[in-house]
$ cat structure17.tsv   # TSV, N, CA and C atoms
chain	number	residue	atom	x	y	z
A	1	MET	N	0.99	24.10	-7.13
A	1	MET	CA	1.97	23.42	-6.32
A	1	MET	C	3.35	23.69	-6.92
A	2	THR	N	4.30	24.01	-6.06
A	2	THR	CA	5.65	24.33	-6.54
A	2	THR	C	6.48	23.05	-6.68
A	3	VAL	N	7.58	23.17	-7.37
A	3	VAL	CA	8.50	22.04	-7.52
A	3	VAL	C	9.03	21.62	-6.15
A	4	GLU	N	9.30	22.59	-5.32
A	4	GLU	CA	9.80	22.29	-3.97
A	4	GLU	C	8.76	21.50	-3.16
A	5	GLU	N	7.49	21.85	-3.28
A	5	GLU	CA	6.43	21.10	-2.59
A	5	GLU	C	6.33	19.68	-3.12
A	6	LEU	N	6.46	19.51	-4.43
A	6	LEU	CA	6.43	18.16	-5.02
A	6	LEU	C	7.59	17.31	-4.49
A	7	LYS	N	8.76	17.91	-4.38
A	7	LYS	CA	9.92	17.19	-3.84
A	7	LYS	C	9.67	16.77	-2.40
A	8	GLN	N	9.07	17.66	-1.62
A	8	GLN	CA	8.77	17.34	-0.23
A	8	GLN	C	7.78	16.19	-0.12
A	9	ILE	N	6.78	16.17	-1.00
A	9	ILE	CA	5.80	15.08	-1.01
A	9	ILE	C	6.49	13.76	-1.36
A	10	GLN	N	7.37	13.78	-2.34
A	10	GLN	CA	8.09	12.56	-2.72
A	10	GLN	C	8.93	12.03	-1.57
A	11	LEU	N	9.66	12.91	-0.91
A	11	LEU	CA	10.49	12.50	0.22
A	11	LEU	C	9.63	11.91	1.35
A	12	TYR	N	8.48	12.53	1.59
A	12	TYR	CA	7.57	12.06	2.62
A	12	TYR	C	7.03	10.67	2.27
A	13	ARG	N	6.57	10.51	1.05
A	13	ARG	CA	5.97	9.22	0.65
A	13	ARG	C	7.00	8.10	0.56
A	14	GLN	N	8.26	8.45	0.39
A	14	GLN	CA	9.33	7.44	0.38
A	14	GLN	C	9.83	7.14	1.79
A	15	HIS	N	9.20	7.74	2.79
A	15	HIS	CA	9.57	7.59	4.20
A	15	HIS	C	10.99	8.06	4.47
A	16	LEU	N	11.40	9.09	3.77
A	16	LEU	CA	12.71	9.68	4.02
A	16	LEU	C	12.62	10.85	4.99
A	17	THR	N	11.42	11.44	5.11
A	17	THR	CA	11.23	12.52	6.07
A	17	THR	C	10.22	12.15	7.16
A	18	ASN	N	9.57	11.03	7.04
A	18	ASN	CA	8.66	10.55	8.09
A	18	ASN	C	8.94	9.07	8.36
A	19	LYS	N	9.89	8.83	9.22
A	19	LYS	CA	10.31	7.46	9.51
A	19	LYS	C	9.18	6.67	10.17
A	20	THR	N	9.20	5.36	9.92
A	20	THR	CA	8.17	4.47	10.46
A	20	THR	C	8.80	3.09	10.67
A	21	ASP	N	8.00	2.06	10.89
A	21	ASP	CA	8.53	0.71	11.09
A	21	ASP	C	8.80	0.04	9.75
A	22	LYS	N	9.61	-1.01	9.77
A	22	LYS	CA	10.08	-1.63	8.51
A	22	LYS	C	8.96	-2.29	7.70
A	23	LEU	N	7.96	-2.87	8.35
A	23	LEU	CA	6.88	-3.49	7.58
A	23	LEU	C	6.05	-2.44	6.85
A	24	THR	N	5.83	-1.30	7.48
A	24	THR	CA	5.11	-0.20	6.82
A	24	THR	C	5.91	0.32	5.64
A	25	VAL	N	7.22	0.45	5.81
A	25	VAL	CA	8.07	0.89	4.70
A	25	VAL	C	7.92	-0.06	3.52
A	26	CYS	N	8.06	-1.36	3.78
A	26	CYS	CA	7.97	-2.34	2.69
A	26	CYS	C	6.60	-2.32	2.03
A	27	ARG	N	5.55	-2.19	2.83
A	27	ARG	CA	4.20	-2.17	2.27
A	27	ARG	C	3.95	-0.90	1.44
A	28	ASN	N	4.33	0.23	1.98
A	28	ASN	CA	4.07	1.50	1.28
A	28	ASN	C	4.91	1.67	0.02
A	29	LEU	N	6.08	1.06	-0.02
A	29	LEU	CA	6.94	1.17	-1.20
A	29	LEU	C	6.80	-0.04	-2.13
A	30	ASN	N	5.86	-0.93	-1.83
A	30	ASN	CA	5.67	-2.16	-2.62
A	30	ASN	C	6.96	-2.97	-2.71
A	31	GLY	N	7.61	-3.11	-1.58
A	31	GLY	CA	8.84	-3.89	-1.51
A	31	GLY	C	10.07	-3.01	-1.68
A	32	LEU	N	11.22	-3.59	-1.35
A	32	LEU	CA	12.50	-2.91	-1.50
A	32	LEU	C	13.36	-3.72	-2.44
A	33	GLN	N	13.98	-3.07	-3.40
A	33	GLN	CA	14.85	-3.77	-4.34
A	33	GLN	C	15.98	-4.41	-3.54
A	34	SER	N	16.23	-5.69	-3.77
A	34	SER	CA	17.17	-6.42	-2.92
A	34	SER	C	18.10	-7.34	-3.68
A	35	GLN	N	18.55	-6.89	-4.83
A	35	GLN	CA	19.54	-7.68	-5.57
A	35	GLN	C	20.75	-7.93	-4.67
A	36	PHE	N	21.14	-6.92	-3.94
A	36	PHE	CA	22.20	-7.04	-2.93
A	36	PHE	C	21.55	-6.72	-1.59
A	37	MET	N	21.64	-7.63	-0.64
A	37	MET	CA	20.92	-7.48	0.61
A	37	MET	C	21.36	-6.26	1.41
A	38	VAL	N	22.57	-5.79	1.18
A	38	VAL	CA	23.02	-4.59	1.87
A	38	VAL	C	22.14	-3.39	1.51
A	39	ASN	N	21.54	-3.41	0.31
A	39	ASN	CA	20.63	-2.33	-0.09
A	39	ASN	C	19.38	-2.30	0.78
A	40	VAL	N	18.85	-3.48	1.12
A	40	VAL	CA	17.67	-3.54	1.99
A	40	VAL	C	18.04	-3.01	3.38
A	41	TYR	N	19.18	-3.44	3.86
A	41	TYR	CA	19.63	-3.00	5.19
A	41	TYR	C	19.71	-1.47	5.26
A	42	TYR	N	20.38	-0.85	4.29
A	42	TYR	CA	20.54	0.60	4.35
A	42	TYR	C	19.24	1.34	4.02
A	43	SER	N	18.41	0.78	3.16
A	43	SER	CA	17.10	1.39	2.88
A	43	SER	C	16.26	1.44	4.15
A	44	LEU	N	16.26	0.35	4.90
A	44	LEU	CA	15.49	0.31	6.15
A	44	LEU	C	16.12	1.19	7.21
A	45	LYS	N	17.43	1.17	7.30
A	45	LYS	CA	18.13	1.99	8.30
A	45	LYS	C	17.83	3.48	8.08
A	46	THR	N	17.69	3.88	6.83
A	46	THR	CA	17.41	5.27	6.48
A	46	THR	C	15.96	5.64	6.77
A	47	ARG	N	15.03	4.69	6.66
A	47	ARG	CA	13.60	5.00	6.69
A	47	ARG	C	12.89	4.62	7.99
A	48	CYS	N	13.55	3.91	8.89
A	48	CYS	CA	12.85	3.34	10.05
A	48	CYS	C	13.17	4.06	11.36
A	49	LYS	N	12.12	4.13	12.21
A	49	LYS	CA	12.28	4.66	13.57
A	49	LYS	C	13.03	3.66	14.44
A	50	GLU	N	12.68	2.38	14.25
A	50	GLU	CA	13.27	1.33	15.09
A	50	GLU	C	14.75	1.14	14.75
A	51	LYS	N	15.49	0.58	15.68
A	51	LYS	CA	16.91	0.33	15.44
A	51	LYS	C	17.05	-0.86	14.50
A	52	ILE	N	17.67	-0.63	13.36
A	52	ILE	CA	17.89	-1.67	12.36
A	52	ILE	C	19.35	-2.13	12.48
A	53	THR	N	19.52	-3.43	12.69
A	53	THR	CA	20.86	-4.00	12.81
A	53	THR	C	21.02	-5.12	11.79
A	54	PRO	N	22.25	-5.54	11.52
A	54	PRO	CA	22.44	-6.67	10.60
A	54	PRO	C	21.74	-7.94	11.09
A	55	GLU	N	21.52	-8.04	12.38
A	55	GLU	CA	20.87	-9.24	12.93
A	55	GLU	C	19.36	-9.20	12.82
A	56	ASN	N	18.72	-8.03	12.80
A	56	ASN	CA	17.26	-7.99	12.85
A	56	ASN	C	16.58	-7.44	11.59
A	57	PHE	N	17.32	-6.95	10.64
A	57	PHE	CA	16.65	-6.25	9.54
A	57	PHE	C	15.81	-7.16	8.66
A	58	GLY	N	16.06	-8.45	8.64
A	58	GLY	CA	15.28	-9.35	7.80
A	58	GLY	C	14.10	-10.00	8.48
A	59	GLU	N	13.91	-9.77	9.76
A	59	GLU	CA	12.80	-10.40	10.49
A	59	GLU	C	11.46	-9.94	9.93
A	60	GLY	N	10.62	-10.91	9.57
A	60	GLY	CA	9.29	-10.60	9.03
A	60	GLY	C	9.29	-10.30	7.55
A	61	LEU	N	10.47	-10.36	6.91
A	61	LEU	CA	10.57	-10.08	5.47
A	61	LEU	C	10.96	-11.33	4.71
A	62	VAL	N	10.58	-11.38	3.45
A	62	VAL	CA	11.02	-12.43	2.53
A	62	VAL	C	11.54	-11.75	1.28
A	63	LYS	N	12.38	-12.46	0.54
A	63	LYS	CA	12.83	-11.92	-0.73
A	63	LYS	C	12.37	-12.85	-1.85
A	64	ASN	N	12.05	-12.27	-2.99
A	64	ASN	CA	11.47	-13.04	-4.06
A	64	ASN	C	11.63	-12.31	-5.38
A	65	TRP	N	11.65	-13.05	-6.48
A	65	TRP	CA	11.66	-12.46	-7.81
A	65	TRP	C	10.22	-12.12	-8.17
A	66	THR	N	9.90	-10.88	-8.31
A	66	THR	CA	8.52	-10.50	-8.61
A	66	THR	C	8.50	-9.33	-9.58
A	67	ILE	N	8.56	-8.14	-9.07
A	67	ILE	CA	8.39	-6.92	-9.87
A	67	ILE	C	9.52	-6.80	-10.89
A	68	ARG	N	9.16	-6.71	-12.16
A	68	ARG	CA	10.11	-6.57	-13.27
A	68	ARG	C	11.14	-7.69	-13.31
A	69	GLY	N	10.85	-8.83	-12.69
A	69	GLY	CA	11.78	-9.95	-12.71
A	69	GLY	C	13.02	-9.71	-11.88
A	70	THR	N	12.97	-8.79	-10.93
A	70	THR	CA	14.12	-8.53	-10.07
A	70	THR	C	13.79	-8.96	-8.64
A	71	VAL	N	14.80	-9.06	-7.82
A	71	VAL	CA	14.63	-9.51	-6.45
A	71	VAL	C	14.19	-8.33	-5.59
A	72	HIS	N	13.12	-8.54	-4.85
A	72	HIS	CA	12.62	-7.53	-3.91
A	72	HIS	C	12.37	-8.18	-2.56
A	73	ALA	N	12.43	-7.38	-1.51
A	73	ALA	CA	12.07	-7.83	-0.16
A	73	ALA	C	10.69	-7.28	0.17
A	74	PHE	N	9.86	-8.14	0.74
A	74	PHE	CA	8.49	-7.79	1.08
A	74	PHE	C	8.19	-8.21	2.50
A	75	ALA	N	7.14	-7.65	3.08
A	75	ALA	CA	6.59	-8.19	4.31
A	75	ALA	C	6.10	-9.59	3.97
A	76	GLN	N	6.41	-10.56	4.80
A	76	GLN	CA	6.12	-11.96	4.49
A	76	GLN	C	4.65	-12.19	4.12
A	77	GLU	N	3.73	-11.57	4.85
A	77	GLU	CA	2.31	-11.80	4.56
A	77	GLU	C	1.84	-11.10	3.29
A	78	ASP	N	2.65	-10.19	2.74
A	78	ASP	CA	2.28	-9.48	1.51
A	78	ASP	C	2.77	-10.18	0.24
A	79	LEU	N	3.59	-11.20	0.38
A	79	LEU	CA	4.17	-11.87	-0.79
A	79	LEU	C	3.11	-12.32	-1.80
A	80	PRO	N	1.97	-12.90	-1.40
A	80	PRO	CA	0.98	-13.32	-2.40
A	80	PRO	C	0.45	-12.17	-3.27
A	81	LEU	N	0.54	-10.96	-2.79
A	81	LEU	CA	0.08	-9.82	-3.59
A	81	LEU	C	1.00	-9.57	-4.80
A	82	PHE	N	2.25	-10.00	-4.70
A	82	PHE	CA	3.24	-9.69	-5.72
A	82	PHE	C	3.67	-10.89	-6.53
A	83	LYS	N	3.38	-12.08	-6.06
A	83	LYS	CA	3.84	-13.30	-6.74
A	83	LYS	C	2.79	-13.79	-7.71
A	84	PHE	N	3.21	-14.06	-8.93
A	84	PHE	CA	2.31	-14.55	-9.96
A	84	PHE	C	2.57	-16.03	-10.23
A	85	GLY	N	1.56	-16.75	-10.64
A	85	GLY	CA	1.73	-18.13	-11.04
A	85	GLY	C	1.74	-19.10	-9.87
A	86	LYS	N	1.96	-20.37	-10.19
A	86	LYS	CA	1.90	-21.42	-9.20
A	86	LYS	C	3.24	-21.67	-8.51
A	87	GLU	N	4.34	-21.51	-9.26
A	87	GLU	CA	5.66	-21.77	-8.68
A	87	GLU	C	6.05	-20.64	-7.74
A	88	ARG	N	6.64	-20.99	-6.63
A	88	ARG	CA	7.03	-19.96	-5.67
A	88	ARG	C	8.48	-20.17	-5.27
A	89	TYR	N	9.23	-19.13	-5.33
A	89	TYR	CA	10.58	-19.14	-4.78
A	89	TYR	C	10.53	-18.28	-3.54
A	90	HIS	N	10.80	-18.86	-2.41
A	90	HIS	CA	10.66	-18.17	-1.13
A	90	HIS	C	11.95	-18.38	-0.35
A	91	ASN	N	12.59	-17.29	0.02
A	91	ASN	CA	13.81	-17.41	0.80
A	91	ASN	C	13.83	-16.31	1.85
A	92	SER	N	13.81	-16.68	3.10
A	92	SER	CA	13.86	-15.68	4.16
A	92	SER	C	15.25	-15.62	4.80
A	93	ASN	N	16.26	-16.18	4.12
A	93	ASN	CA	17.62	-16.14	4.64
A	93	ASN	C	18.25	-14.81	4.28
A	94	PHE	N	18.29	-13.89	5.23
A	94	PHE	CA	18.84	-12.57	4.99
A	94	PHE	C	20.29	-12.47	5.44
A	95	LYS	N	20.92	-13.57	5.73
A	95	LYS	CA	22.31	-13.54	6.22
A	95	LYS	C	23.32	-13.48	5.08
A	96	GLY	N	22.92	-13.72	3.87
A	96	GLY	CA	23.87	-13.69	2.77
A	96	GLY	C	23.25	-14.19	1.50
A	97	TYR	N	24.08	-14.62	0.60
A	97	TYR	CA	23.63	-15.05	-0.70
A	97	TYR	C	23.35	-16.55	-0.71
A	98	ILE	N	22.58	-16.97	-1.67
A	98	ILE	CA	22.28	-18.39	-1.81
A	98	ILE	C	23.55	-19.11	-2.26
A	99	ASN	N	23.93	-20.12	-1.51
A	99	ASN	CA	25.18	-20.82	-1.82
A	99	ASN	C	25.03	-21.80	-2.97
A	100	ASP	N	23.88	-22.40	-3.12
A	100	ASP	CA	23.70	-23.42	-4.14
A	100	ASP	C	23.23	-22.77	-5.44
A	101	ILE	N	24.17	-22.35	-6.28
A	101	ILE	CA	23.86	-21.64	-7.51
A	101	ILE	C	23.04	-22.52	-8.46
A	102	GLU	N	23.31	-23.82	-8.49
A	102	GLU	CA	22.55	-24.71	-9.36
A	102	GLU	C	21.07	-24.71	-8.97
A	103	LEU	N	20.79	-24.78	-7.69
A	103	LEU	CA	19.42	-24.72	-7.21
A	103	LEU	C	18.78	-23.40	-7.60
A	104	LEU	N	19.52	-22.31	-7.47
A	104	LEU	CA	19.03	-20.99	-7.83
A	104	LEU	C	18.60	-20.97	-9.30
A	105	PHE	N	19.43	-21.45	-10.20
A	105	PHE	CA	19.10	-21.42	-11.62
A	105	PHE	C	17.94	-22.35	-11.95
A	106	ASN	N	17.83	-23.48	-11.26
A	106	ASN	CA	16.68	-24.36	-11.47
A	106	ASN	C	15.39	-23.66	-11.06
A	107	ASP	N	15.42	-22.92	-9.96
A	107	ASP	CA	14.24	-22.17	-9.53
A	107	ASP	C	13.88	-21.08	-10.52
A	108	ILE	N	14.88	-20.41	-11.06
A	108	ILE	CA	14.62	-19.35	-12.04
A	108	ILE	C	13.95	-19.93	-13.28
A	109	LYS	N	14.39	-21.09	-13.75
A	109	LYS	CA	13.81	-21.71	-14.93
A	109	LYS	C	12.34	-22.06	-14.73
A	110	LYS	N	11.95	-22.41	-13.48
A	110	LYS	CA	10.59	-22.81	-13.19
A	110	LYS	C	9.63	-21.63	-13.01
A	111	MET	N	10.16	-20.45	-12.79
A	111	MET	CA	9.32	-19.31	-12.43
A	111	MET	C	8.48	-18.83	-13.60
A	112	ASP	N	7.32	-18.30	-13.26
A	112	ASP	CA	6.47	-17.63	-14.24
A	112	ASP	C	6.92	-16.18	-14.31
A	113	TRP	N	7.36	-15.76	-15.49
A	113	TRP	CA	7.82	-14.38	-15.64
A	113	TRP	C	6.68	-13.55	-16.20
A	114	VAL	N	6.34	-12.49	-15.51
A	114	VAL	CA	5.27	-11.61	-15.94
A	114	VAL	C	5.85	-10.22	-16.09
A	115	TYR	N	5.74	-9.67	-17.28
A	115	TYR	CA	6.23	-8.32	-17.53
A	115	TYR	C	5.04	-7.38	-17.68
A	116	LEU	N	5.03	-6.35	-16.90
A	116	LEU	CA	3.93	-5.39	-16.94
A	116	LEU	C	4.31	-4.17	-17.74
$ encode --input "structure17.tsv" --output "structure tokens"
Amino acid sequence: MTVEELKQIQLYRQHLTNKTDKLTVCRNLNGLQSQFMVNVYYSLKTRCKEKITPENFGEGLVKNWTIRGTVHAFAQEDLPLFKFGKERYHNSNFKGYINDIELLFNDIKKMDWVYL
């Protein structure tokens, strides 16, 4: 296999050359890094067949601290696959950032951190 073929496989598996729907993208990539929600929007816009708009890109998705202790967006029904422990931080508000910073830090303190 050539280096060029390996690159083509990577692009394909990242849904950069074979666009699909947003839930398939999130499932196949094990979530999308979402520290800044604009990253999720553009990741989906780049990878999806369907029209992704600021109004619809978060439908069916949740964001949560899971992989490597960073914020990722997942298909809502897939969240239990990635969340460890009993405490759950669940936020499906994709319109912006969490306004209550104190609540955010209280949730972070309660979370079970798992490093793989």
$ atom_distance --input "structure17.tsv" --atom1 "atom CA of A:His72" --atom2 "atom CA of A:Gln33"
4.4 Å
$ atom_distance --input "structure17.tsv" --atom1 "atom C of A:Leu32" --atom2 "atom N of A:Val62"
10.1 Å
$ atom_distance --input "structure17.tsv" --atom1 "atom CA of A:Val40" --atom2 "atom CA of A:Ala73"
7.4 Å
$ residues_near_point --input "structure17.tsv" --point "(17.6, -8.8, -6.2)" --cutoff "7 Å" --atoms "only C-alpha atoms" --output "JSON, numbers by chain"
{"A": [33, 34, 35, 36, 70, 71, 72]}
$ residues_around --input "structure17.tsv" --residues "A:Thr46" --least-positions-apart "4" --cutoff "7 Å" --atoms "all atoms listed in the file" --output "list in words"
His15, Leu16, Lys19, Tyr41 and Tyr42 of chain A
$ residues_around --input "structure17.tsv" --residues "A:Glu50" --least-positions-apart "2" --cutoff "7 Å" --atoms "all atoms listed in the file" --output "count of residues only"
8
$ closest_residue --input "structure17.tsv" --among "A:Cys26, A:Val38, A:Leu6, A:Leu44" --to "A:Glu77" --atoms "only C-alpha atoms"
A:Cys26
$ residues_around --input "structure17.tsv" --residues "A:Leu81" --least-positions-apart "4" --cutoff "10 Å" --atoms "only C-alpha atoms" --output "JSON, numbers by chain"
{"A": [30, 66, 74, 77]}
$ residues_around --input "structure17.tsv" --residues "A:Gln14" --least-positions-apart "5" --cutoff "9 Å" --atoms "only C-alpha atoms" --output "MDAnalysis selection string"
chainID A and resid 9 25 28:29 47
